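Structure file start-v9.txt; described as compact mmCIF, C-alpha atoms.
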```txt
# COMPACT_ATOMS: atom_id res chain seq x y z
CA MET A 1 -46.54 -12.30 10.53
CA THR A 2 -47.92 -10.60 13.67
CA LEU A 3 -50.31 -7.68 13.54
CA ASN A 4 -47.70 -5.34 15.09
CA LYS A 5 -45.11 -6.28 12.47
CA ARG A 6 -47.63 -5.74 9.67
CA PHE A 7 -48.43 -2.35 11.16
CA LEU A 8 -44.73 -1.37 11.23
CA ILE A 9 -44.23 -2.46 7.61
CA ALA A 10 -47.32 -0.52 6.58
CA CYS A 11 -45.94 2.58 8.29
CA THR A 12 -42.66 2.35 6.39
CA VAL A 13 -44.52 1.97 3.09
CA ILE A 14 -46.88 4.85 3.74
CA LEU A 15 -43.97 7.13 4.73
CA LEU A 16 -45.17 10.71 4.27
CA ASN A 17 -48.78 9.82 4.96
CA GLY A 18 -47.72 8.74 8.47
CA CYS A 19 -49.22 6.23 10.90
CA ASN A 20 -52.55 6.66 12.69
CA GLN A 21 -53.65 9.25 10.14
CA ASP A 22 -56.84 9.22 8.17
CA GLU A 23 -56.54 7.60 4.77
CA PRO A 24 -56.49 10.07 1.87
CA SER A 25 -59.69 10.54 0.01
CA THR A 26 -58.08 9.15 -3.14
CA SER A 27 -56.77 5.66 -2.50
CA SER A 28 -53.33 4.75 -3.83
CA THR A 29 -51.21 1.64 -3.78
CA THR A 30 -47.46 1.72 -3.09
CA VAL A 31 -45.49 -1.23 -4.39
CA GLU A 32 -42.25 -2.10 -2.64
CA PRO A 33 -39.31 -2.47 -5.00
CA PRO A 34 -37.89 -5.99 -5.12
CA LYS A 35 -34.95 -6.59 -2.83
CA THR A 36 -31.51 -6.90 -4.36
CA ASP A 37 -29.43 -10.07 -4.18
CA VAL A 38 -27.18 -8.36 -1.64
CA GLU A 39 -30.10 -7.35 0.58
CA LEU A 40 -31.46 -10.88 0.51
CA LEU A 41 -28.08 -12.35 1.37
CA ASN A 42 -27.60 -9.96 4.26
CA GLU A 43 -31.02 -10.86 5.67
CA GLN A 44 -29.79 -14.41 6.19
CA GLU A 45 -28.11 -15.57 9.38
CA TRP A 46 -24.49 -16.47 8.71
CA ASP A 47 -22.33 -18.37 11.19
CA ASP A 48 -19.38 -16.05 10.49
CA ASN A 49 -21.57 -12.88 10.53
CA ARG A 50 -20.44 -11.97 7.05
CA VAL A 51 -21.71 -8.82 5.36
CA TYR A 52 -22.07 -8.97 1.59
CA VAL A 53 -20.80 -6.11 -0.56
CA THR A 54 -21.82 -7.75 -3.83
CA LYS A 55 -23.40 -11.14 -4.41
CA ASP A 56 -20.00 -12.88 -4.60
CA ASN A 57 -17.94 -10.75 -2.21
CA TYR A 58 -18.24 -10.14 1.49
CA ILE A 59 -16.49 -8.78 4.58
CA LEU A 60 -15.72 -10.63 7.80
CA MET A 61 -15.15 -8.63 10.97
CA LYS A 62 -12.42 -10.18 13.09
CA GLU A 63 -10.98 -9.20 16.45
CA ALA A 64 -7.41 -8.07 16.01
CA ASN A 65 -4.60 -9.62 17.99
CA GLY A 66 -2.47 -7.37 20.13
CA THR A 67 -2.37 -5.65 23.46
CA ILE A 68 -5.70 -3.82 23.13
CA PRO A 69 -8.71 -6.18 23.27
CA GLY A 70 -11.93 -5.61 21.35
CA ILE A 71 -10.51 -3.90 18.24
CA MET A 72 -12.46 -5.22 15.24
CA LYS A 73 -10.95 -5.13 11.76
CA PRO A 74 -12.41 -6.12 8.37
CA CYS A 75 -11.07 -9.10 6.44
CA PHE A 76 -12.04 -9.17 2.78
CA VAL A 77 -13.27 -12.16 0.78
CA VAL A 78 -13.27 -11.33 -2.94
CA ASN A 79 -14.53 -14.09 -5.22
CA SER A 80 -15.35 -11.75 -8.10
CA ALA A 81 -12.87 -8.88 -8.41
CA LYS A 82 -14.72 -7.21 -11.27
CA GLU A 83 -17.67 -6.63 -8.94
CA TRP A 84 -15.53 -4.97 -6.27
CA PRO A 85 -15.53 -1.13 -6.04
CA ARG A 86 -12.59 0.51 -7.80
CA GLU A 87 -10.52 3.34 -6.45
CA ASP A 88 -12.30 6.60 -7.29
CA LEU A 89 -10.33 9.86 -7.12
CA SER A 90 -13.56 11.87 -6.81
CA ASN A 91 -14.48 10.06 -3.57
CA THR A 92 -12.83 12.33 -1.00
CA ASP A 93 -13.71 9.95 1.84
CA SER A 94 -11.15 7.49 0.44
CA TYR A 95 -8.32 9.95 1.01
CA ASP A 96 -8.81 11.12 4.60
CA LEU A 97 -6.04 8.69 5.65
CA ALA A 98 -2.81 7.48 4.13
CA ARG A 99 -3.30 4.50 1.83
CA VAL A 100 -1.34 1.43 0.81
CA ASP A 101 -1.04 -0.15 -2.64
CA PHE A 102 -0.41 -3.91 -2.68
CA ARG A 103 -0.60 -6.88 -5.03
CA TRP A 104 -3.10 -9.65 -4.36
CA ASN A 105 -4.26 -12.65 -6.38
CA ASN A 106 -7.63 -12.92 -4.68
CA GLY A 107 -8.51 -16.34 -6.15
CA GLY A 108 -7.13 -19.74 -5.25
CA PHE A 109 -4.64 -21.88 -7.14
CA VAL A 110 -6.08 -23.19 -10.42
CA SER A 111 -5.10 -25.68 -13.10
CA ALA A 112 -4.57 -24.80 -16.75
CA SER A 113 -7.95 -26.40 -17.52
CA ALA A 114 -9.86 -24.11 -15.13
CA ASN A 115 -12.53 -21.83 -16.50
CA GLU A 116 -11.74 -18.28 -17.59
CA LYS A 117 -13.18 -16.63 -14.47
CA ALA A 118 -11.23 -18.85 -12.07
CA ILE A 119 -8.01 -18.12 -13.94
CA TYR A 120 -8.73 -14.39 -13.86
CA GLU A 121 -9.35 -14.42 -10.10
CA SER A 122 -6.05 -16.25 -9.53
CA TYR A 123 -4.06 -13.58 -11.41
CA ASP A 124 -2.28 -10.69 -9.70
CA LYS A 125 -4.17 -7.42 -9.40
CA VAL A 126 -3.24 -4.14 -7.75
CA TRP A 127 -5.41 -3.14 -4.78
CA SER A 128 -5.36 -0.27 -2.31
CA ILE A 129 -6.60 0.20 1.23
CA LYS A 130 -6.51 2.77 4.02
CA THR A 131 -3.81 2.35 6.63
CA ASP A 132 -6.47 1.53 9.25
CA GLY A 133 -7.56 -1.52 7.21
CA THR A 134 -10.78 -0.09 5.76
CA ASP A 135 -11.93 0.97 2.27
CA LEU A 136 -10.44 -1.78 0.13
CA ARG A 137 -10.41 -0.77 -3.55
CA LEU A 138 -9.40 -2.46 -6.79
CA VAL A 139 -6.87 -0.20 -8.54
CA THR A 140 -6.17 -2.12 -11.75
CA ASP A 141 -6.44 -5.55 -13.34
CA ASP A 142 -5.36 -4.21 -16.75
CA PHE A 143 -2.55 -6.75 -17.17
CA SER A 144 -1.76 -10.44 -17.06
CA GLY A 145 1.34 -11.38 -15.09
CA ASP A 146 3.10 -11.25 -11.74
CA VAL A 147 3.62 -7.78 -10.25
CA ARG A 148 7.23 -6.86 -9.43
CA ILE A 149 6.99 -3.34 -8.01
CA MET A 150 4.50 -0.47 -7.80
CA ARG A 151 4.81 3.22 -6.95
CA ARG A 152 1.97 5.76 -6.70
CA SER A 153 2.32 9.39 -7.77
CA PRO A 154 2.08 12.06 -5.03
CA ASN A 155 -1.22 13.34 -6.47
CA ASN A 156 -2.65 9.78 -6.17
CA ARG A 157 -3.72 9.73 -9.83
CA TYR A 158 -1.01 7.58 -11.43
CA LEU A 159 0.32 4.15 -10.58
CA ALA A 160 3.69 3.11 -12.01
CA TYR A 161 4.18 -0.63 -11.85
CA SER A 162 5.99 -3.48 -13.55
CA TYR A 163 5.00 -7.09 -14.05
CA ALA A 164 6.33 -10.25 -15.63
CA SER A 165 4.16 -10.25 -18.73
CA ARG A 166 2.56 -13.53 -19.80
CA THR A 167 2.31 -12.21 -23.36
CA SER A 168 5.63 -10.43 -24.03
CA GLY A 169 7.78 -12.71 -21.91
CA GLY A 170 9.56 -9.66 -20.51
CA THR A 171 9.02 -7.25 -17.65
CA ASP A 172 6.53 -4.61 -18.76
CA LYS A 173 6.81 -1.15 -17.16
CA VAL A 174 3.50 0.70 -17.14
CA VAL A 175 1.89 3.94 -15.97
CA PHE A 176 -1.79 3.46 -15.14
CA ASP A 177 -4.11 6.49 -14.92
CA VAL A 178 -6.63 5.86 -12.15
CA GLN A 179 -8.87 8.64 -13.45
CA THR A 180 -9.10 7.58 -17.11
CA GLN A 181 -8.42 3.86 -16.50
CA LYS A 182 -5.86 3.92 -19.31
CA SER A 183 -2.37 2.38 -19.30
CA THR A 184 0.80 3.62 -20.98
CA LEU A 185 3.62 1.15 -21.70
CA LEU A 186 7.01 2.65 -20.88
CA GLY A 187 9.28 -0.29 -21.63
CA THR A 188 9.71 -4.04 -21.78
CA ASP A 189 12.83 -5.93 -20.82
CA LEU A 190 14.06 -8.70 -18.55
CA GLY A 191 15.91 -6.38 -16.20
CA HIS A 192 15.31 -4.69 -12.90
CA SER A 193 12.44 -2.25 -12.28
CA GLN A 194 12.62 1.06 -10.42
CA PHE A 195 10.32 4.08 -10.34
CA LEU A 196 10.54 7.51 -8.71
CA TRP A 197 7.91 10.25 -9.00
CA ALA A 198 8.44 14.00 -9.05
CA LYS A 199 6.87 15.81 -6.10
CA ASP A 200 4.32 17.47 -8.42
CA SER A 201 3.69 14.20 -10.32
CA SER A 202 4.69 15.85 -13.62
CA TYR A 203 7.43 13.36 -14.41
CA LEU A 204 8.66 9.92 -13.50
CA TYR A 205 12.09 8.28 -13.46
CA PHE A 206 12.18 4.62 -14.43
CA GLU A 207 14.69 1.92 -15.28
CA ASP A 208 14.58 -0.01 -18.54
CA ARG A 209 17.23 -1.91 -20.50
CA ALA A 210 19.80 -1.17 -17.74
CA LYS A 211 19.38 2.57 -18.34
CA TYR A 212 17.61 5.33 -16.42
CA TRP A 213 14.88 7.32 -18.17
CA LYS A 214 12.66 10.33 -17.48
CA TYR A 215 9.04 10.23 -18.62
CA GLU A 216 7.05 13.48 -18.79
CA LEU A 217 3.33 12.92 -18.38
CA ALA A 218 2.06 16.07 -20.13
CA THR A 219 3.99 15.40 -23.37
CA GLY A 220 4.66 11.67 -23.23
CA LYS A 221 8.32 12.46 -23.89
CA THR A 222 10.95 9.94 -22.71
CA THR A 223 14.56 11.05 -22.19
CA GLN A 224 17.57 8.90 -21.32
CA MET A 225 19.46 10.12 -18.26
CA ASP A 226 23.25 10.41 -17.98
CA ASP A 227 25.19 7.39 -16.77
CA ASP A 228 26.14 9.17 -13.53
CA PHE A 229 22.49 9.92 -12.66
CA HIS A 230 21.12 7.96 -9.68
CA PHE A 231 17.78 7.06 -8.17
CA SER A 232 16.58 3.93 -6.40
CA GLU A 233 13.78 1.43 -5.90
CA VAL A 234 13.15 3.06 -2.50
CA GLY A 235 13.32 6.83 -2.57
CA VAL A 236 11.40 10.09 -2.70
CA ILE A 237 11.67 13.58 -4.16
CA TYR A 238 10.67 16.22 -1.65
CA GLY A 239 11.69 19.77 -0.76
CA GLY A 240 13.86 20.02 -3.87
CA LYS A 241 15.92 16.99 -2.84
CA ARG A 242 16.14 13.49 -4.26
CA TYR A 243 16.63 10.78 -1.64
CA VAL A 244 18.31 7.66 -3.00
CA VAL A 245 18.26 4.61 -0.71
CA SER A 246 20.98 2.20 -1.81
CA ASP A 247 21.94 -1.16 -0.32
CA PHE A 248 24.06 0.39 2.45
CA ALA A 249 23.18 4.10 2.69
CA VAL A 250 20.93 7.00 1.75
CA ILE A 251 22.41 9.60 -0.61
CA VAL A 252 20.77 13.00 -0.98
CA TYR A 253 20.92 15.00 -4.22
CA ASP A 254 19.72 18.43 -5.28
CA GLU A 255 16.94 17.50 -7.69
CA LYS A 256 17.37 20.57 -9.92
CA THR A 257 21.16 20.47 -10.33
CA ASP A 258 21.74 16.75 -9.63
CA LYS A 259 24.53 17.76 -7.25
CA ARG A 260 25.31 15.19 -4.56
CA LEU A 261 24.73 16.89 -1.21
CA TYR A 262 25.67 14.17 1.29
CA GLY A 263 25.36 10.50 2.14
CA ILE A 264 24.66 8.63 5.37
CA GLY A 265 25.25 4.93 5.83
CA TYR A 266 26.01 2.14 8.23
CA PRO A 267 28.54 1.27 9.40
CA GLN A 268 30.20 4.68 9.54
CA LYS A 269 33.94 5.14 9.88
CA THR A 270 33.62 5.71 13.62
CA ASP A 271 31.69 2.46 14.13
CA ALA A 272 33.36 -0.68 15.46
CA ASN A 273 31.93 -2.66 12.52
CA TYR A 274 33.49 -0.44 9.86
CA GLU A 275 36.72 -2.43 9.57
CA ARG A 276 34.75 -5.66 9.15
CA PHE A 277 32.57 -3.99 6.54
CA MET A 278 35.63 -2.93 4.53
CA GLN A 279 37.11 -6.43 4.40
CA GLY A 280 35.12 -7.34 1.28
CA SER A 281 31.89 -9.00 0.22
CA LYS A 282 32.32 -11.91 2.64
CA TYR A 283 31.52 -9.56 5.52
CA SER A 284 29.93 -6.55 3.82
CA SER A 285 26.92 -8.74 2.93
CA GLU A 286 26.07 -8.67 6.65
CA PHE A 287 25.33 -4.95 6.26
CA LYS A 288 23.34 -5.03 3.01
CA TRP A 289 19.80 -3.74 3.47
CA LYS A 290 17.53 -6.52 2.24
CA ASN A 291 14.49 -4.57 3.44
CA LYS A 292 14.22 -0.77 3.42
CA SER A 293 11.72 2.07 3.53
CA ILE A 294 11.52 5.87 3.59
CA SER A 295 9.05 8.30 5.12
CA PRO A 296 6.97 10.42 2.68
CA GLU A 297 9.03 13.58 3.28
CA GLY A 298 12.38 11.77 3.18
CA LYS A 299 13.28 12.59 6.78
CA TYR A 300 13.61 8.99 7.97
CA VAL A 301 15.16 6.01 6.22
CA TRP A 302 15.03 2.44 7.56
CA GLY A 303 17.09 -0.58 6.56
CA GLU A 304 17.20 -4.18 7.75
CA THR A 305 20.08 -6.59 7.13
CA THR A 306 20.48 -10.20 8.14
CA LYS A 307 21.98 -9.03 11.44
CA TYR A 308 21.11 -5.37 12.00
CA ARG A 309 18.37 -2.77 11.75
CA VAL A 310 19.18 0.86 10.97
CA LEU A 311 17.11 4.03 11.33
CA ILE A 312 18.55 7.24 9.86
CA ASN A 313 17.36 10.80 10.40
CA THR A 314 18.43 12.51 7.17
CA GLU A 315 18.01 16.00 8.67
CA THR A 316 20.21 15.52 11.74
CA GLN A 317 22.19 12.67 10.08
CA GLU A 318 21.77 10.61 13.25
CA VAL A 319 22.16 6.86 12.74
CA ARG A 320 20.53 4.43 15.16
CA THR A 321 21.18 0.70 15.02
CA GLU A 322 20.26 -2.49 16.78
CA LYS A 323 21.44 -6.07 16.45
CA ILE A 324 18.63 -8.44 15.55
CA VAL A 325 17.63 -10.96 18.20
CA ARG A 326 15.22 -13.39 16.57
CA SER A 327 13.43 -14.28 19.79
CA GLU A 328 12.66 -10.63 20.64
CA VAL A 329 10.75 -7.75 19.09
CA GLY A 330 13.26 -5.09 18.16
CA ASP A 331 13.11 -1.34 18.66
CA TYR A 332 13.13 -0.82 14.88
CA GLN A 333 11.14 -3.79 13.64
CA TYR A 334 8.06 -3.80 11.34
CA PHE A 335 9.02 -0.57 9.50
CA GLU A 336 7.98 -1.76 6.01
CA GLN A 337 5.62 1.22 5.58
CA LEU A 338 7.12 4.23 7.33
CA GLY A 339 4.75 7.11 8.02
CA LEU A 340 5.25 10.87 8.03
CA ASN A 341 7.94 11.87 10.57
CA ALA A 342 8.17 8.18 11.50
CA ASN A 343 5.19 8.51 13.85
CA TYR A 344 3.47 5.35 12.57
CA VAL A 345 4.60 2.14 10.91
CA ARG A 346 2.68 -0.61 9.17
CA ASP A 347 3.99 -3.98 8.01
CA GLY A 348 2.50 -6.60 5.72
CA ALA A 349 -0.33 -6.96 3.22
CA GLY A 350 -2.03 -10.32 3.77
CA GLY A 351 -1.61 -9.93 7.51
CA VAL A 352 -0.90 -6.49 8.97
CA ILE A 353 1.07 -5.29 11.98
CA PHE A 354 0.17 -1.74 12.97
CA LEU A 355 2.09 0.46 15.42
CA LYS A 356 2.15 4.02 16.64
CA LEU A 357 5.80 4.54 17.55
CA ASN A 358 7.07 6.00 20.79
CA GLU A 359 8.26 9.59 20.75
CA ASP A 360 11.84 8.36 20.37
CA LYS A 361 10.76 6.43 17.19
CA THR A 362 11.03 2.99 18.81
CA VAL A 363 8.47 0.19 18.79
CA PRO A 364 6.14 0.20 21.82
CA LYS A 365 6.25 -3.33 23.18
CA ASP A 366 3.01 -2.85 25.11
CA LYS A 367 0.79 -1.36 22.36
CA TRP A 368 0.47 -3.04 18.99
CA THR A 369 -2.24 -4.42 16.71
CA ASN A 370 -2.13 -7.31 14.26
CA TRP A 371 -4.93 -8.49 11.95
CA PRO A 372 -5.59 -10.54 8.77
CA GLN A 373 -6.37 -8.13 5.94
CA VAL A 374 -7.42 -10.60 3.24
CA CYS A 375 -9.42 -13.79 3.73
CA SER A 376 -9.30 -15.23 0.23
CA GLY A 377 -6.68 -15.94 -2.41
CA HIS A 378 -3.19 -17.25 -1.79
CA SER A 379 -0.86 -14.25 -1.41
CA ALA A 380 -0.79 -10.49 -0.86
CA THR A 381 2.55 -8.65 -0.82
CA LEU A 382 4.56 -5.60 -2.00
CA SER A 383 2.87 -2.95 0.15
CA TRP A 384 3.79 0.65 -0.65
CA LEU A 385 2.51 3.72 1.19
CA TYR A 386 0.94 6.69 -0.63
CA ASN A 387 -1.19 9.72 0.27
CA GLY A 388 1.11 9.83 3.28
CA PHE A 389 0.45 13.46 4.29
CA ALA A 390 -3.28 12.91 4.88
CA ASN A 391 -4.56 13.24 8.46
CA ASN A 392 -1.21 14.86 9.37
CA GLY A 393 0.43 11.52 8.71
CA ALA A 394 -1.50 9.61 11.38
CA PHE A 395 -2.47 6.13 10.15
CA VAL A 396 -5.77 6.07 12.05
CA LYS A 397 -8.43 8.54 13.16
CA GLU A 398 -7.46 8.80 16.80
CA ASP A 399 -10.81 10.24 17.88
CA LYS A 400 -12.56 7.03 16.87
```
Exercise: express the given structure as structure tokens:
Amino acid sequence: MTLNKRFLIACTVILLNGCNQDEPSTSSTTVEPPKTDVELLNEQEWDDNRVYVTKDNYILMKEANGTIPGIMKPCFVVNSAKEWPREDLSNTDSYDLARVDFRWNNGGFVSASANEKAIYESYDKVWSIKTDGTDLRLVTDDFSGDVRIMRRSPNNRYLAYSYASRTSGGTDKVVFDVQTQKSTLLGTDLGHSQFLWAKDSSYLYFEDRAKYWKYELATGKTTQMDDDFHFSEVGVIYGGKRYVVSDFAVIVYDEKTDKRLYGIGYPQKTDANYERFMQGSKYSSEFKWKNKSISPEGKYVWGETTKYRVLINTETQEVRTEKIVRSEVGDYQYFEQLGLNANYVRDGAGGVIFLKLNEDKTVPKDKWTNWPQVCSGHSATLSWLYNGFANNGAFVKEDK
């Protein structure tokens, strides 16, 4: 070690005594604390320039693909999920942007004879991340099975999700409290799963045993809804209205009275495709929305069929459509996560496509970003947007 380097280290140890000052009359010895495993790892030179978060987990910075060069995005390698930071409601920095919940089995494929840790890492867990690709957090691993659907409450505290349970053999429907880390089992069956949160997060609609139910969080009371009550896998309650996104349309109800207000679908009676649509399932399947999303305030609804994409403004009841051309990027493509007022969209979980839409709500062909979000495990899917009103709905801090 050179004399200059020793001098610099001595200055950092002395701290308040300062450099080039007379030694105090009473000599003292300052002992440096031992370096942590993470500090030692990050002192090493790594070919991929990784930065360790814990001793088994690290972040890779990768240049995003797209039309804007030089944008660097983190890609996360998690070999020990239990060491990774969990979502913390008291950390306000985590909620300055909209966030996305998604499922991810961060470990690789394993055999039945693998050790307990390897099996755990290969299991599904629920994670969350900011829309700009930063601040990955583990939400819950309090289950053992394959996640089917997840929906976050508007106050960010509760996660409703279902999974194919390895113990019960059914589909368990659960509410997980991020604050207390406790889970409440709502139901178990082999049927479909749907969840819809009240705007104030005080109650939740869910489906179980082919029936619709209402769960009140304060009391734990569960009530069966009438047979003519409707909600959907994709929907929102906002401004006193319940938006129900079906396979062909969005139907709007008054949440308090359950009165049907109106519905908007495609094709409409004035559309050239309406006659074909009405000819029965042979043709109507062409118009079934296999992918769909809704903006946090319910103003915009998006659907994608095998042949068409549809964007509906539920306020003006305008319906926009385009025919899918596989060799071209469409005007209404990549709308899996639809932001406030449809200003931003985000698509994917393992790999992400990120877009700020044009003013007319179409995809800008000359300005897009695409990056890998996870760099370990074997699948990440089922993204769902929450905290969507943060930062006025913008998915990125535009001043950065």
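Within 7 Å of A:Gly187, once only C-alpha atoms are used and residues closer than 3 positions along the same chain are dropped, the contacting residues are Asp172, Lys173 and Asp208 of chain A.
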Hey, can you spit out that residue selection with C-alpha atoms as a CSV table (one decimal), in the coordinates of the input?
```csv
chain,number,residue,atom,x,y,z
A,172,ASP,CA,6.5,-4.6,-18.8
A,173,LYS,CA,6.8,-1.2,-17.2
A,208,ASP,CA,14.6,0.0,-18.5
```
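Residue nearest A:Phe287 within the list A:Ile324, A:Val174, A:Asp247, A:Thr314: A:Asp247 [criterion: smallest interatomic distance, all atoms listed in the file].
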Let me know the centre plus edge lengths, in Å and rounded to one decimal, of a box with edges along x, y and z that contains all listed atoms of stretch 350-354 of chain A and is padded by 6 Å on every side, as AutoDock Vina command-line options.
```
--center_x -0.5 --center_y -6.0 --center_z 8.4 --size_x 15.1 --size_y 20.6 --size_z 21.2
```
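Taking atom CA of A:Gly235 and atom CA of A:Lys182 as the two end points, the separation is 25.6 Å.
By only C-alpha atoms, and with residues fewer than 5 positions from A:Tyr161 along its chain excluded, the set lying at most 9 Å from it is A:Val147, A:Arg148, A:Ile149, A:Met150, A:Arg151, A:Arg152, A:Asp172, A:Lys173, A:Val174, A:Val175, A:Phe176, A:Ser193, A:Gln194, A:Phe195.
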Give me the residues near A:Ile353 as a ChimeraX atom specification, where near means some atom within 6 Å (using all atoms listed in the file) and where sequence neighbours in that chain fewer than 6 positions away do not count.
/A:346-347,369-370
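From atom CA of A:Ser295 back to atom CA of A:Leu138, the distance works out to 24.5 Å.
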Who sits within 9 Å of A:Gly191, only C-alpha atoms, same chain under 2 positions skipped, as number ranges by chain
A: 170-171, 188-189, 193, 207-210
Restrict the selected residues to C-alpha atoms and save them as an mmCIF file, in the coordinates of the input.
```
data_model
loop_
_atom_site.group_PDB
_atom_site.id
_atom_site.type_symbol
_atom_site.label_atom_id
_atom_site.label_comp_id
_atom_site.auth_asym_id
_atom_site.auth_seq_id
_atom_site.Cartn_x
_atom_site.Cartn_y
_atom_site.Cartn_z
ATOM 1 C CA GLY A 170 9.560 -9.660 -20.510
ATOM 2 C CA THR A 171 9.020 -7.250 -17.650
ATOM 3 C CA THR A 188 9.710 -4.040 -21.780
ATOM 4 C CA ASP A 189 12.830 -5.930 -20.820
ATOM 5 C CA SER A 193 12.440 -2.250 -12.280
ATOM 6 C CA GLU A 207 14.690 1.920 -15.280
ATOM 7 C CA ASP A 208 14.580 -0.010 -18.540
ATOM 8 C CA ARG A 209 17.230 -1.910 -20.500
ATOM 9 C CA ALA A 210 19.800 -1.170 -17.740
#
```
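The smallest atom-to-atom distance between A:Lys361 and any of A:Lys211, A:His230, A:Arg320, A:Lys125, using only C-alpha atoms, is found for A:Arg320.
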